[in-house]
file run-v8.cif (mmCIF, C-alpha atoms and all ligand atoms)
data_upload
loop_
_atom_site.label_atom_id
_atom_site.label_comp_id
_atom_site.auth_asym_id
_atom_site.auth_seq_id
_atom_site.Cartn_x
_atom_site.Cartn_y
_atom_site.Cartn_z
CA MET M 23 0.00 0.00 0.00
CA LYS M 24 1.60 3.24 -1.15
CA THR M 25 1.18 6.10 1.29
CA ILE M 26 2.55 9.62 1.40
CA ASN M 27 5.45 8.25 3.44
CA ASP M 28 6.75 6.70 0.21
CA PHE M 29 7.26 10.11 -1.38
CA ASN M 30 9.36 13.18 -0.69
CA PHE M 31 7.25 16.15 -1.71
CA LYS M 32 10.09 18.71 -1.94
CA ASP M 33 9.28 21.08 -4.84
CA GLN M 34 6.33 18.84 -5.74
CA LYS M 35 2.73 19.86 -6.23
CA ALA M 36 0.52 17.48 -4.24
CA LEU M 37 -3.03 17.31 -5.57
CA ILE M 38 -4.98 16.04 -2.57
CA ARG M 39 -8.60 14.86 -2.61
CA VAL M 40 -9.88 15.63 0.87
CA ASP M 41 -13.35 15.29 2.33
CA PHE M 42 -14.15 18.81 3.50
CA ASN M 43 -17.88 18.23 3.23
CA VAL M 44 -18.40 19.93 6.61
CA PRO M 45 -21.58 21.30 8.19
CA LEU M 46 -22.10 25.09 8.01
CA ASN M 47 -24.47 27.29 10.02
CA GLU M 48 -26.64 30.07 8.61
CA GLN M 49 -23.71 32.47 8.70
CA PHE M 50 -21.73 29.93 6.62
CA GLN M 51 -19.40 29.16 9.50
CA VAL M 52 -18.06 25.64 9.95
CA THR M 53 -19.79 24.05 12.96
CA ASP M 54 -17.76 20.81 13.05
CA ALA M 55 -14.16 20.84 11.81
CA ASN M 56 -13.47 17.13 12.41
CA ARG M 57 -13.04 16.34 8.74
CA ILE M 58 -10.58 19.19 8.31
CA GLU M 59 -8.66 18.07 11.41
CA ALA M 60 -8.61 14.53 10.00
CA ALA M 61 -6.74 15.66 6.85
CA LYS M 62 -4.27 17.85 8.75
CA PRO M 63 -1.47 15.28 9.28
CA THR M 64 -1.33 14.55 5.55
CA ILE M 65 -1.19 18.23 4.60
CA LEU M 66 1.44 19.02 7.24
CA LYS M 67 3.72 16.17 6.13
CA ILE M 68 3.71 17.53 2.55
CA LEU M 69 4.38 21.09 3.70
CA LYS M 70 7.15 19.86 6.00
CA ASP M 71 8.79 18.09 3.06
CA GLY M 72 8.82 21.46 1.26
CA GLY M 73 5.98 20.76 -1.15
CA LYS M 74 2.93 22.67 -2.39
CA VAL M 75 -0.58 21.57 -1.49
CA ILE M 76 -3.61 21.80 -3.78
CA LEU M 77 -6.77 20.74 -1.96
CA MET M 78 -9.88 19.58 -3.78
CA SER M 79 -13.20 18.62 -2.20
CA HIS M 80 -16.94 18.67 -2.62
CA LEU M 81 -19.38 20.40 -0.29
CA GLY M 82 -23.02 19.33 -0.17
CA ARG M 83 -25.04 18.48 -3.22
CA PRO M 84 -25.10 21.68 -5.30
CA LYS M 85 -27.06 21.95 -8.53
CA GLY M 86 -24.57 23.83 -10.69
CA VAL M 87 -22.81 26.81 -9.14
CA GLN M 88 -24.52 27.89 -5.91
CA ASP M 89 -22.86 30.41 -3.62
CA LYS M 90 -24.06 28.68 -0.47
CA TYR M 91 -22.03 25.60 -1.43
CA SER M 92 -18.85 27.56 -2.20
CA LEU M 93 -15.76 26.28 -0.43
CA LYS M 94 -14.72 29.91 0.11
CA HIS M 95 -16.82 29.76 3.29
CA ILE M 96 -14.49 27.24 4.87
CA VAL M 97 -11.21 29.04 4.14
CA PRO M 98 -11.02 30.70 7.60
CA MET M 99 -11.50 27.35 9.35
CA VAL M 100 -9.03 25.46 7.13
CA SER M 101 -6.49 28.25 7.75
CA LYS M 102 -7.13 28.08 11.50
CA VAL M 103 -6.77 24.30 11.67
CA LEU M 104 -3.57 24.27 9.58
CA GLY M 105 -2.13 27.35 11.25
CA ILE M 106 -1.35 29.07 7.92
CA GLN M 107 -3.31 31.35 5.60
CA VAL M 108 -4.83 29.13 2.92
CA LYS M 109 -5.33 30.56 -0.59
CA PHE M 110 -8.58 30.05 -2.46
CA ILE M 111 -9.53 30.06 -6.13
CA ASP M 112 -13.13 30.20 -7.37
CA ASP M 113 -12.82 27.34 -9.85
CA CYS M 114 -11.26 23.88 -9.91
CA ILE M 115 -10.15 23.44 -13.55
CA GLY M 116 -8.97 25.60 -16.45
CA GLU M 117 -6.22 28.04 -17.36
CA LYS M 118 -6.82 30.47 -14.53
CA VAL M 119 -6.50 27.68 -11.97
CA GLU M 120 -3.43 26.23 -13.70
CA LYS M 121 -1.77 29.67 -13.62
CA THR M 122 -2.50 30.12 -9.90
CA VAL M 123 -1.13 26.66 -9.20
CA SER M 124 2.05 27.37 -11.18
CA GLU M 125 2.66 30.48 -9.05
CA LEU M 126 2.27 28.57 -5.81
CA LYS M 127 5.41 28.50 -3.65
CA ASN M 128 6.71 25.62 -1.56
CA GLY M 129 4.90 25.57 1.79
CA GLU M 130 1.73 27.14 0.41
CA VAL M 131 -1.79 25.68 0.36
CA LEU M 132 -4.43 26.38 -2.29
CA LEU M 133 -8.05 25.31 -1.88
CA LEU M 134 -10.01 24.80 -5.10
CA GLU M 135 -13.70 25.60 -5.52
CA ASN M 136 -16.35 22.90 -4.98
CA LEU M 137 -15.76 20.04 -7.44
CA ARG M 138 -19.49 19.37 -7.65
CA PHE M 139 -20.12 22.73 -9.32
CA TYR M 140 -19.34 20.58 -12.36
CA ALA M 141 -21.72 17.67 -13.03
CA GLU M 142 -18.68 15.94 -14.57
CA GLU M 143 -17.31 15.28 -11.08
CA GLU M 144 -20.07 12.87 -10.04
CA ASP M 145 -20.32 11.50 -13.58
CA GLY M 146 -16.70 10.37 -13.29
CA ASP M 147 -15.96 12.23 -16.53
CA ILE M 148 -12.50 11.38 -17.86
CA GLN M 149 -11.84 14.74 -19.56
CA PHE M 150 -12.74 16.58 -16.37
CA ALA M 151 -10.42 14.23 -14.44
CA GLU M 152 -7.62 14.95 -16.92
CA LYS M 153 -8.05 18.69 -16.37
CA LEU M 154 -7.82 18.15 -12.62
CA SER M 155 -4.69 16.05 -13.11
CA LYS M 156 -2.86 19.01 -14.65
CA LEU M 157 -2.84 20.64 -11.21
CA GLY M 158 -0.49 18.21 -9.47
CA ASP M 159 2.69 16.15 -9.78
CA ILE M 160 1.54 13.57 -7.23
CA TYR M 161 -2.07 12.58 -6.52
CA VAL M 162 -2.97 11.89 -2.89
CA ASN M 163 -6.34 10.46 -1.91
CA ASP M 164 -7.26 11.21 1.71
CA ALA M 165 -11.04 11.32 1.30
CA PHE M 166 -12.24 8.08 2.86
CA GLY M 167 -15.80 9.40 3.13
CA THR M 168 -16.14 9.41 -0.68
CA ALA M 169 -13.91 6.43 -1.50
CA HIS M 170 -16.98 4.33 -2.38
CA ARG M 171 -17.84 6.69 -5.24
CA ALA M 172 -16.21 6.39 -8.67
CA HIS M 173 -16.15 10.16 -9.12
CA ALA M 174 -13.63 12.07 -11.22
CA SER M 175 -11.58 13.38 -8.27
CA THR M 176 -11.82 10.27 -6.09
CA THR M 177 -11.11 7.56 -8.65
CA ILE M 178 -10.81 8.50 -12.32
CA VAL M 179 -8.08 11.12 -11.85
CA ALA M 180 -5.71 8.49 -10.41
CA GLN M 181 -5.08 6.98 -13.87
CA PHE M 182 -3.22 10.14 -14.89
CA PHE M 183 -0.65 9.47 -12.15
CA PRO M 184 0.41 5.89 -12.96
CA SER M 185 3.29 5.77 -10.48
CA LYS M 186 2.78 9.00 -8.56
CA LYS M 187 -0.34 8.29 -6.55
CA CYS M 188 -0.81 7.32 -2.94
CA PHE M 189 -3.05 7.28 0.13
CA GLY M 190 -2.94 10.04 2.70
CA TYR M 191 -2.62 9.16 6.40
CA LEU M 192 -6.37 9.18 7.02
CA MET M 193 -7.13 6.76 4.19
CA ALA M 194 -4.25 4.52 5.22
CA SER M 195 -5.42 4.31 8.83
CA GLU M 196 -9.02 3.64 7.81
CA ILE M 197 -7.89 0.77 5.57
CA GLU M 198 -5.52 -0.61 8.20
CA SER M 199 -8.15 -0.56 10.93
CA ILE M 200 -10.69 -2.40 8.80
CA ASP M 201 -8.01 -4.93 7.85
CA LYS M 202 -7.33 -5.45 11.55
CA VAL M 203 -10.93 -6.54 11.97
CA LEU M 204 -11.58 -8.45 8.75
CA LYS M 205 -8.16 -9.83 7.79
CA ASN M 206 -5.43 -9.81 10.41
CA SER M 207 -7.67 -10.05 13.43
CA GLU M 208 -6.76 -11.44 16.80
CA LYS M 209 -9.36 -13.96 17.99
CA PRO M 210 -11.98 -14.06 19.39
CA VAL M 211 -13.54 -11.59 16.97
CA LEU M 212 -16.86 -9.96 17.81
CA ALA M 213 -19.17 -7.87 15.64
CA ILE M 214 -21.87 -5.83 17.35
CA LEU M 215 -24.66 -4.92 14.99
CA GLY M 216 -27.43 -2.61 16.07
CA GLY M 217 -29.45 0.07 14.38
CA ALA M 218 -32.89 0.02 12.96
CA LYS M 219 -33.23 -2.62 10.27
CA VAL M 220 -31.91 -6.04 9.31
CA SER M 221 -32.27 -5.11 5.64
CA SER M 222 -29.58 -2.41 5.84
CA LYS M 223 -27.13 -4.74 7.63
CA ILE M 224 -27.64 -7.96 5.72
CA GLY M 225 -24.66 -7.37 3.41
CA ILE M 226 -22.41 -6.93 6.43
CA ILE M 227 -23.76 -9.97 8.25
CA GLU M 228 -23.20 -12.19 5.23
CA ASN M 229 -19.64 -10.96 4.75
CA ILE M 230 -18.57 -11.19 8.38
CA LEU M 231 -20.01 -14.64 9.09
CA ASP M 232 -16.75 -16.12 7.79
CA LYS M 233 -14.60 -13.77 9.83
CA VAL M 234 -16.04 -13.51 13.32
CA ASP M 235 -16.59 -15.79 16.31
CA HIS M 236 -19.44 -13.84 17.92
CA ILE M 237 -22.19 -11.52 16.72
CA ILE M 238 -24.17 -9.39 19.13
CA ILE M 239 -27.46 -8.20 17.69
CA GLY M 240 -29.30 -5.26 19.21
CA GLY M 241 -31.46 -2.31 18.24
CA GLY M 242 -34.60 -2.43 16.16
CA MET M 243 -33.49 -5.43 14.13
CA THR M 244 -33.61 -7.61 17.24
CA PHE M 245 -37.36 -7.97 16.84
CA THR M 246 -37.27 -9.43 13.37
CA PHE M 247 -35.13 -12.24 14.81
CA ILE M 248 -37.29 -12.65 17.92
CA LYS M 249 -40.52 -12.78 15.89
CA ALA M 250 -38.94 -15.25 13.46
CA MET M 251 -38.22 -17.53 16.42
CA GLY M 252 -41.83 -17.34 17.56
CA GLY M 253 -41.54 -14.57 20.21
CA LYS M 254 -44.16 -11.93 21.00
CA ILE M 255 -42.84 -8.50 20.02
CA GLY M 256 -45.92 -6.27 20.44
CA ASN M 257 -45.56 -3.13 18.36
CA SER M 258 -41.77 -3.24 18.10
CA LEU M 259 -40.07 -2.44 14.83
CA VAL M 260 -40.12 -5.46 12.54
CA GLU M 261 -39.50 -6.34 8.91
CA ASP M 262 -42.03 -9.07 8.20
CA ASP M 263 -40.51 -9.81 4.80
CA LYS M 264 -37.18 -10.62 6.49
CA LEU M 265 -38.35 -13.29 8.95
CA GLU M 266 -37.12 -16.14 6.73
CA LEU M 267 -33.85 -14.34 6.22
CA ALA M 268 -33.38 -13.97 9.97
CA LEU M 269 -33.78 -17.72 10.42
CA GLU M 270 -31.38 -18.39 7.55
CA ILE M 271 -28.78 -16.14 9.18
CA MET M 272 -29.16 -18.05 12.47
CA GLU M 273 -28.74 -21.38 10.64
CA LYS M 274 -25.73 -20.19 8.67
CA ALA M 275 -24.10 -18.83 11.82
CA LYS M 276 -24.62 -22.17 13.55
CA SER M 277 -23.05 -24.09 10.68
CA LYS M 278 -20.03 -21.79 10.73
CA ASN M 279 -19.69 -21.99 14.50
CA VAL M 280 -20.46 -18.30 14.95
CA LYS M 281 -22.33 -17.59 18.17
CA ILE M 282 -25.20 -15.13 17.79
CA HIS M 283 -26.14 -13.26 20.97
CA LEU M 284 -29.61 -11.73 21.00
CA PRO M 285 -31.08 -9.59 23.80
CA ILE M 286 -33.00 -11.48 26.47
CA ASP M 287 -34.86 -8.51 27.92
CA ALA M 288 -35.88 -5.08 26.69
CA ILE M 289 -36.92 -1.66 27.91
CA ILE M 290 -40.40 -1.44 26.50
CA ALA M 291 -42.52 1.68 26.02
CA ASP M 292 -46.18 2.34 25.24
CA SER M 293 -45.26 4.91 22.57
CA PHE M 294 -42.21 6.00 20.56
CA SER M 295 -41.44 8.87 22.92
CA ASN M 296 -39.12 9.75 25.77
CA ASP M 297 -42.24 10.54 27.85
CA ALA M 298 -43.81 7.12 27.28
CA ASN M 299 -44.56 4.76 30.15
CA ILE M 300 -41.69 2.28 30.34
CA ARG M 301 -40.89 -1.04 31.98
CA VAL M 302 -38.58 -4.01 31.61
CA GLU M 303 -39.91 -7.14 29.91
CA ASP M 304 -38.58 -10.37 28.44
CA VAL M 305 -37.67 -9.65 24.84
CA ASP M 306 -40.04 -12.35 23.54
CA ASN M 307 -43.00 -11.40 25.69
CA ILE M 308 -43.84 -7.84 24.69
CA PRO M 309 -47.58 -7.08 24.94
CA ASP M 310 -49.54 -5.46 22.12
CA GLY M 311 -49.41 -1.67 22.35
CA TRP M 312 -45.83 -1.79 23.68
CA MET M 313 -42.53 -1.70 21.81
CA GLY M 314 -38.92 -2.53 22.66
CA LEU M 315 -36.78 0.59 22.44
CA ASP M 316 -33.63 -0.46 24.31
CA VAL M 317 -31.97 -3.58 25.63
CA GLY M 318 -32.75 -4.47 29.25
CA PRO M 319 -30.48 -4.89 32.31
CA LYS M 320 -29.94 -8.66 31.98
CA THR M 321 -28.96 -8.16 28.35
CA ASN M 322 -26.49 -5.44 29.34
CA VAL M 323 -24.76 -7.87 31.69
CA GLY M 324 -24.72 -10.63 29.08
CA PHE M 325 -23.41 -8.40 26.30
CA SER M 326 -20.69 -6.96 28.57
CA PHE M 327 -19.59 -10.49 29.44
CA VAL M 328 -19.19 -11.41 25.75
CA ILE M 329 -17.36 -8.15 24.97
CA ALA M 330 -14.89 -8.70 27.81
CA GLN M 331 -13.81 -12.03 26.27
CA CYS M 332 -13.06 -10.69 22.81
CA LYS M 333 -9.80 -9.38 21.36
CA THR M 334 -11.19 -7.73 18.24
CA ILE M 335 -14.44 -5.77 18.35
CA LEU M 336 -16.37 -4.12 15.56
CA TRP M 337 -19.32 -1.93 16.52
CA ASN M 338 -21.88 -0.75 14.01
CA GLY M 339 -25.22 0.61 15.13
CA PRO M 340 -26.75 1.58 18.51
CA VAL M 341 -28.62 -1.09 20.51
CA GLY M 342 -31.47 1.25 21.40
CA VAL M 343 -33.06 4.54 20.47
CA PHE M 344 -30.09 6.36 22.01
CA GLU M 345 -31.34 9.77 20.80
CA MET M 346 -33.94 9.58 23.61
CA LYS M 347 -32.49 9.64 27.12
CA ASN M 348 -34.73 6.88 28.48
CA PHE M 349 -33.54 4.46 25.79
CA ALA M 350 -29.84 5.32 25.71
CA LYS M 351 -28.64 3.18 28.62
CA GLY M 352 -27.99 0.01 26.63
CA THR M 353 -25.84 1.86 24.10
CA ILE M 354 -23.95 3.67 26.88
CA GLU M 355 -23.27 0.42 28.78
CA LEU M 356 -22.15 -1.23 25.57
CA GLY M 357 -19.74 1.67 24.99
CA HIS M 358 -18.39 1.27 28.54
CA ALA M 359 -17.81 -2.44 28.02
CA ILE M 360 -16.01 -1.82 24.71
CA ALA M 361 -13.88 0.91 26.33
CA GLU M 362 -12.90 -1.50 29.12
CA ALA M 363 -12.05 -4.29 26.69
CA THR M 364 -9.94 -1.82 24.71
CA GLU M 365 -8.09 -0.83 27.85
CA ASP M 366 -7.40 -4.52 28.43
CA GLY M 367 -5.79 -4.79 25.01
CA ALA M 368 -8.59 -5.49 22.54
CA PHE M 369 -8.71 -3.68 19.20
CA SER M 370 -12.03 -1.88 18.79
CA LEU M 371 -13.35 -0.24 15.66
CA VAL M 372 -16.50 1.85 15.61
CA GLY M 373 -17.97 2.82 12.29
CA GLY M 374 -20.90 3.50 10.09
CA GLY M 375 -23.31 6.35 10.69
CA ASP M 376 -25.19 6.39 13.96
CA SER M 377 -22.77 4.43 16.12
CA VAL M 378 -20.19 7.16 15.44
CA ALA M 379 -22.73 9.77 16.56
CA ALA M 380 -23.39 7.68 19.68
CA VAL M 381 -19.72 7.25 20.67
CA LYS M 382 -19.18 10.97 20.22
CA GLN M 383 -22.31 11.94 22.14
CA PHE M 384 -21.33 9.72 25.07
CA LYS M 385 -17.61 10.61 24.77
CA PHE M 386 -16.30 7.12 24.05
CA ASP M 387 -14.48 8.26 20.93
CA LYS M 388 -11.13 8.54 22.75
CA LYS M 389 -11.63 5.20 24.52
CA VAL M 390 -11.96 2.94 21.49
CA SER M 391 -9.08 2.06 19.16
CA TYR M 392 -10.48 3.68 16.03
CA VAL M 393 -13.56 5.65 15.00
CA SER M 394 -14.12 5.56 11.26
CA THR M 395 -14.78 8.86 9.47
CA GLY M 396 -16.67 7.29 6.59
CA GLY M 397 -20.27 6.11 7.00
CA GLY M 398 -21.19 4.66 3.62
CA ALA M 399 -17.60 3.88 2.67
CA MET M 400 -17.09 1.94 5.88
CA LEU M 401 -20.32 -0.01 5.44
CA GLU M 402 -19.33 -1.01 1.92
CA MET M 403 -15.92 -2.21 3.11
CA LEU M 404 -17.60 -4.25 5.84
CA GLU M 405 -19.77 -5.78 3.13
CA GLY M 406 -16.54 -6.98 1.54
CA ARG M 407 -16.68 -4.64 -1.45
CA VAL M 408 -13.56 -3.14 -2.97
CA LEU M 409 -14.01 0.61 -2.99
CA PRO M 410 -13.23 2.30 -6.33
CA GLY M 411 -11.23 5.08 -4.65
CA ILE M 412 -9.00 2.50 -2.98
CA GLU M 413 -8.67 0.26 -6.01
CA ALA M 414 -7.61 3.26 -8.16
CA ILE M 415 -4.57 3.81 -5.95
CA LEU M 416 -3.68 0.11 -5.60
CA ASN M 417 -3.83 -0.60 -9.36
P1 LIG H 1 -28.84 2.50 11.62
O1 LIG H 1 -28.74 3.76 10.81
O2 LIG H 1 -29.42 1.35 10.89
O3 LIG H 1 -27.57 2.17 12.35
O4 LIG H 1 -29.96 2.80 12.72
C1 LIG H 1 -29.77 3.70 13.75
C2 LIG H 1 -31.09 4.03 14.34
O5 LIG H 1 -31.69 2.88 14.88
C3 LIG H 1 -31.02 5.03 15.47
O6 LIG H 1 -31.59 6.24 15.05
C4 LIG H 1 -31.81 4.39 16.58
O7 LIG H 1 -32.70 5.27 17.20
C5 LIG H 1 -32.58 3.29 15.87
N1 LIG H 1 -32.94 2.21 16.78
C6 LIG H 1 -32.17 1.57 17.65
N2 LIG H 1 -32.87 0.69 18.38
C7 LIG H 1 -34.15 0.77 17.98
C8 LIG H 1 -35.36 0.13 18.37
N3 LIG H 1 -35.38 -0.80 19.32
N4 LIG H 1 -36.50 0.49 17.75
C9 LIG H 1 -36.49 1.43 16.78
N5 LIG H 1 -35.36 2.07 16.36
C10 LIG H 1 -34.22 1.76 16.96
#
call {"tool": "encode", "arguments": {"input": "run-v8.cif", "output": "structure tokens", "more": "lines below"}}
Ligand code: AMP
result
Amino acid sequence: MKTINDFNFKDQKALIRVDFNVPLNEQFQVTDANRIEAAKPTILKILKDGGKVILMSHLGRPKGVQDKYSLKHIVPMVSKVLGIQVKFIDDCIGEKVEKTVSELKNGEVLLLENLRFYAEEEDGDIQFAEKLSKLGDIYVNDAFGTAHRAHASTTIVAQFFPSKKCFGYLMASEIESIDKVLKNSEKPVLAILGGAKVSSKIGIIENILDKVDHIIIGGGMTFTFIKAMGGKIGNSLVEDDKLELALEIMEKAKSKNVKIHLPIDAIIADSFSNDANIRVEDVDNIPDGWMGLDVGPKTNVGFSFVIAQCKTILWNGPVGVFEMKNFAKGTIELGHAIAEATEDGAFSLVGGGDSVAAVKQFKFDKKVSYVSTGGGAMLEMLEGRVLPGIEAILN
């Protein structure tokens, strides 16, 4: 795997695809600079070598050129994070941009305008990619969040840098951490899958069945399994067209010696609300009019016991409706157990959408081994797919 450590960037123009798709408030100020922080080590290494940095990114989903999606809004924050004044140009291809790039001095950073102001970016247009390629000597991909898209700047552009292309530090650590779970994992390996629906996790379950020893299932998808096994789930979330599939997964797991751990009790509520009446009930004995919105205390103990035995832990999806205080306990306890296992030497990876929000909300992000920055990209890797943005660098 070629990373920026394999190059010396002295006098070189590094064309870096970053993911600066950051949230802005109504005054167009950046409200969360995590994605900019995440690209900082890569940018600093190139500047330290004595190179020039050309940053390209998308922001939002603009339809043509729209001022509110201009990357000019983020220049103050990028400058603040990097500790140097970043230059900006209001286009990302063409003569004017090429001229500005040619005048760039070593140690300087130029941010290009939103790539998605051109439809050619998302179309993966080869001519557009070629125009982008004129802006750099070495192509660096550090945009894990868009690595699952075969867009011009994330994938197609790489072919114009046959030997001068590499991963930035963020991409490299994302790939390494997933490999630590799926390829070079220390046993026993545990995957914790929560969230709302079985249907959105089925690709992951099928891929990891060959790679893990234990699977903990929580969250809304619990009830599809419980109903499939003949349990009473009241008004809990269920996918009736996935009952067969749930049984097939259980069978497959059994044949592969993978132990599936389902909740045994649940916090049930008489409405989908934090103000609902709540009580603890066996997970397969939920009365009509009630729904399971979190795992119960016995389940917490059981799940923590499994987690403590494992050396590699993947966590995707909350085990309850953690956005509501009364149904957050299971997810918090799970986070505690993972943090403790990590302290005892386990490798823990948290990724994919809502579980990242949960670890941040409950401040576990520093207590696990790695928190992935890419929702969709991470999910696709867990499904065993080769991401186009990664393949383009490896080829
Ligand atoms: P996902 O995007 O599939 O990871 O799903 C995350 C969502 O699942 C969160 O918004 C949770 O509130 C929701 N969720 C977790 N547990 C349950 C449950 N028991 N019933 C309904 N939704 C749930």
call {"tool": "closest_residue", "arguments": {"input": "run-v8.cif", "among": "M:Met251, M:Val123, M:Val87, M:Ile214", "to": "ligand LIG 1 (chain H)", "atoms": "only C-alpha atoms and all ligand atoms"}}
result
M:Ile214
call {"tool": "residues_around", "arguments": {"input": "run-v8.cif", "residues": "range 45-49 of chain M", "least_positions_apart": "2", "cutoff": "12 Å", "atoms": "all atoms listed in the file", "output": "tab-separated table (two decimals) with C-alpha atoms, keeping the file's coordinate frame"}}
result
chain	number	residue	atom	x	y	z
M	41	ASP	CA	-13.35	15.29	2.33
M	42	PHE	CA	-14.15	18.81	3.50
M	43	ASN	CA	-17.88	18.23	3.23
M	51	GLN	CA	-19.40	29.16	9.50
M	52	VAL	CA	-18.06	25.64	9.95
M	53	THR	CA	-19.79	24.05	12.96
M	54	ASP	CA	-17.76	20.81	13.05
M	55	ALA	CA	-14.16	20.84	11.81
M	56	ASN	CA	-13.47	17.13	12.41
M	57	ARG	CA	-13.04	16.34	8.74
M	58	ILE	CA	-10.58	19.19	8.31
M	81	LEU	CA	-19.38	20.40	-0.29
M	82	GLY	CA	-23.02	19.33	-0.17
M	90	LYS	CA	-24.06	28.68	-0.47
M	91	TYR	CA	-22.03	25.60	-1.43
M	92	SER	CA	-18.85	27.56	-2.20
M	93	LEU	CA	-15.76	26.28	-0.43
M	94	LYS	CA	-14.72	29.91	0.11
M	95	HIS	CA	-16.82	29.76	3.29
M	96	ILE	CA	-14.49	27.24	4.87
M	99	MET	CA	-11.50	27.35	9.35
call {"tool": "residues_near_ligand", "arguments": {"input": "run-v8.cif", "ligand": "ligand LIG 1 (chain H)", "cutoff": "8 Å", "atoms": "only C-alpha atoms and all ligand atoms", "output": "ChimeraX atom specification"}}
result
/M:216-220,222-223,240-245,258-259,313-317,338-346,374-377
call {"tool": "closest_residue", "arguments": {"input": "run-v8.cif", "among": "M:Ala368, M:Asn30, M:Lys109, M:Glu405", "to": "Lys70 in chain M", "atoms": "all atoms listed in the file"}}
result
M:Asn30
call {"tool": "closest_residue", "arguments": {"input": "run-v8.cif", "among": "M:Leu37, M:Leu137, M:Leu104, M:Ala399", "to": "Gly86 in chain M", "atoms": "all atoms listed in the file"}}
result
M:Leu137
call {"tool": "atom_distance", "arguments": {"input": "run-v8.cif", "atom1": "CA of Ser370 in chain M", "atom2": "CA of Trp337 in chain M"}}
result
7.6 Å
call {"tool": "residues_around", "arguments": {"input": "run-v8.cif", "residues": "Glu402 in chain M", "least_positions_apart": "5", "cutoff": "12 Å", "atoms": "only C-alpha atoms", "output": "PDB file with C-alpha atoms, in the frame of the given file"}}
result
ATOM      1  CA  PHE M 166     -12.240   8.080   2.860  1.00  0.00           C
ATOM      2  CA  GLY M 167     -15.800   9.400   3.130  1.00  0.00           C
ATOM      3  CA  THR M 168     -16.140   9.410  -0.680  1.00  0.00           C
ATOM      4  CA  ALA M 169     -13.910   6.430  -1.500  1.00  0.00           C
ATOM      5  CA  HIS M 170     -16.980   4.330  -2.380  1.00  0.00           C
ATOM      6  CA  ARG M 171     -17.840   6.690  -5.240  1.00  0.00           C
ATOM      7  CA  ILE M 200     -10.690  -2.400   8.800  1.00  0.00           C
ATOM      8  CA  SER M 222     -29.580  -2.410   5.840  1.00  0.00           C
ATOM      9  CA  LYS M 223     -27.130  -4.740   7.630  1.00  0.00           C
ATOM     10  CA  ILE M 224     -27.640  -7.960   5.720  1.00  0.00           C
ATOM     11  CA  GLY M 225     -24.660  -7.370   3.410  1.00  0.00           C
ATOM     12  CA  ILE M 226     -22.410  -6.930   6.430  1.00  0.00           C
ATOM     13  CA  ILE M 227     -23.760  -9.970   8.250  1.00  0.00           C
ATOM     14  CA  ASN M 229     -19.640 -10.960   4.750  1.00  0.00           C
ATOM     15  CA  GLY M 373     -17.970   2.820  12.290  1.00  0.00           C
ATOM     16  CA  GLY M 374     -20.900   3.500  10.090  1.00  0.00           C
ATOM     17  CA  GLY M 396     -16.670   7.290   6.590  1.00  0.00           C
ATOM     18  CA  GLY M 397     -20.270   6.110   7.000  1.00  0.00           C
ATOM     19  CA  ARG M 407     -16.680  -4.640  -1.450  1.00  0.00           C
ATOM     20  CA  VAL M 408     -13.560  -3.140  -2.970  1.00  0.00           C
ATOM     21  CA  LEU M 409     -14.010   0.610  -2.990  1.00  0.00           C
ATOM     22  CA  PRO M 410     -13.230   2.300  -6.330  1.00  0.00           C
ATOM     23  CA  ILE M 412      -9.000   2.500  -2.980  1.00  0.00           C
TER      24      ILE M 412
END
call {"tool": "build_atoms", "arguments": {"input": "run-v8.cif", "residues": "range 39-47 of chain M", "atoms": "N, CA and C atoms", "output": "PDB file, in the frame of the given file"}}
result
ATOM      1  N   ARG M  39      -7.134  14.926  -2.747  1.00  0.00           N
ATOM      2  CA  ARG M  39      -8.600  14.860  -2.610  1.00  0.00           C
ATOM      3  C   ARG M  39      -8.875  14.679  -1.127  1.00  0.00           C
ATOM      4  N   VAL M  40      -9.491  15.702  -0.543  1.00  0.00           N
ATOM      5  CA  VAL M  40      -9.880  15.630   0.870  1.00  0.00           C
ATOM      6  C   VAL M  40     -11.401  15.593   0.941  1.00  0.00           C
ATOM      7  N   ASP M  41     -11.907  15.238   2.124  1.00  0.00           N
ATOM      8  CA  ASP M  41     -13.350  15.290   2.330  1.00  0.00           C
ATOM      9  C   ASP M  41     -13.649  16.440   3.286  1.00  0.00           C
ATOM     10  N   PHE M  42     -13.820  17.628   2.696  1.00  0.00           N
ATOM     11  CA  PHE M  42     -14.150  18.810   3.500  1.00  0.00           C
ATOM     12  C   PHE M  42     -15.645  19.114   3.381  1.00  0.00           C
ATOM     13  N   ASN M  43     -16.430  18.073   3.286  1.00  0.00           N
ATOM     14  CA  ASN M  43     -17.880  18.230   3.230  1.00  0.00           C
ATOM     15  C   ASN M  43     -18.376  18.436   4.671  1.00  0.00           C
ATOM     16  N   VAL M  44     -18.147  19.641   5.186  1.00  0.00           N
ATOM     17  CA  VAL M  44     -18.400  19.930   6.610  1.00  0.00           C
ATOM     18  C   VAL M  44     -19.727  20.676   6.775  1.00  0.00           C
ATOM     19  N   PRO M  45     -20.325  20.562   7.970  1.00  0.00           N
ATOM     20  CA  PRO M  45     -21.580  21.300   8.190  1.00  0.00           C
ATOM     21  C   PRO M  45     -21.335  22.793   8.415  1.00  0.00           C
ATOM     22  N   LEU M  46     -22.201  23.627   7.849  1.00  0.00           N
ATOM     23  CA  LEU M  46     -22.100  25.090   8.010  1.00  0.00           C
ATOM     24  C   LEU M  46     -23.380  25.594   8.683  1.00  0.00           C
ATOM     25  N   ASN M  47     -23.251  26.679   9.461  1.00  0.00           N
ATOM     26  CA  ASN M  47     -24.470  27.290  10.020  1.00  0.00           C
ATOM     27  C   ASN M  47     -25.014  28.346   9.057  1.00  0.00           C
TER      28      ASN M  47
END
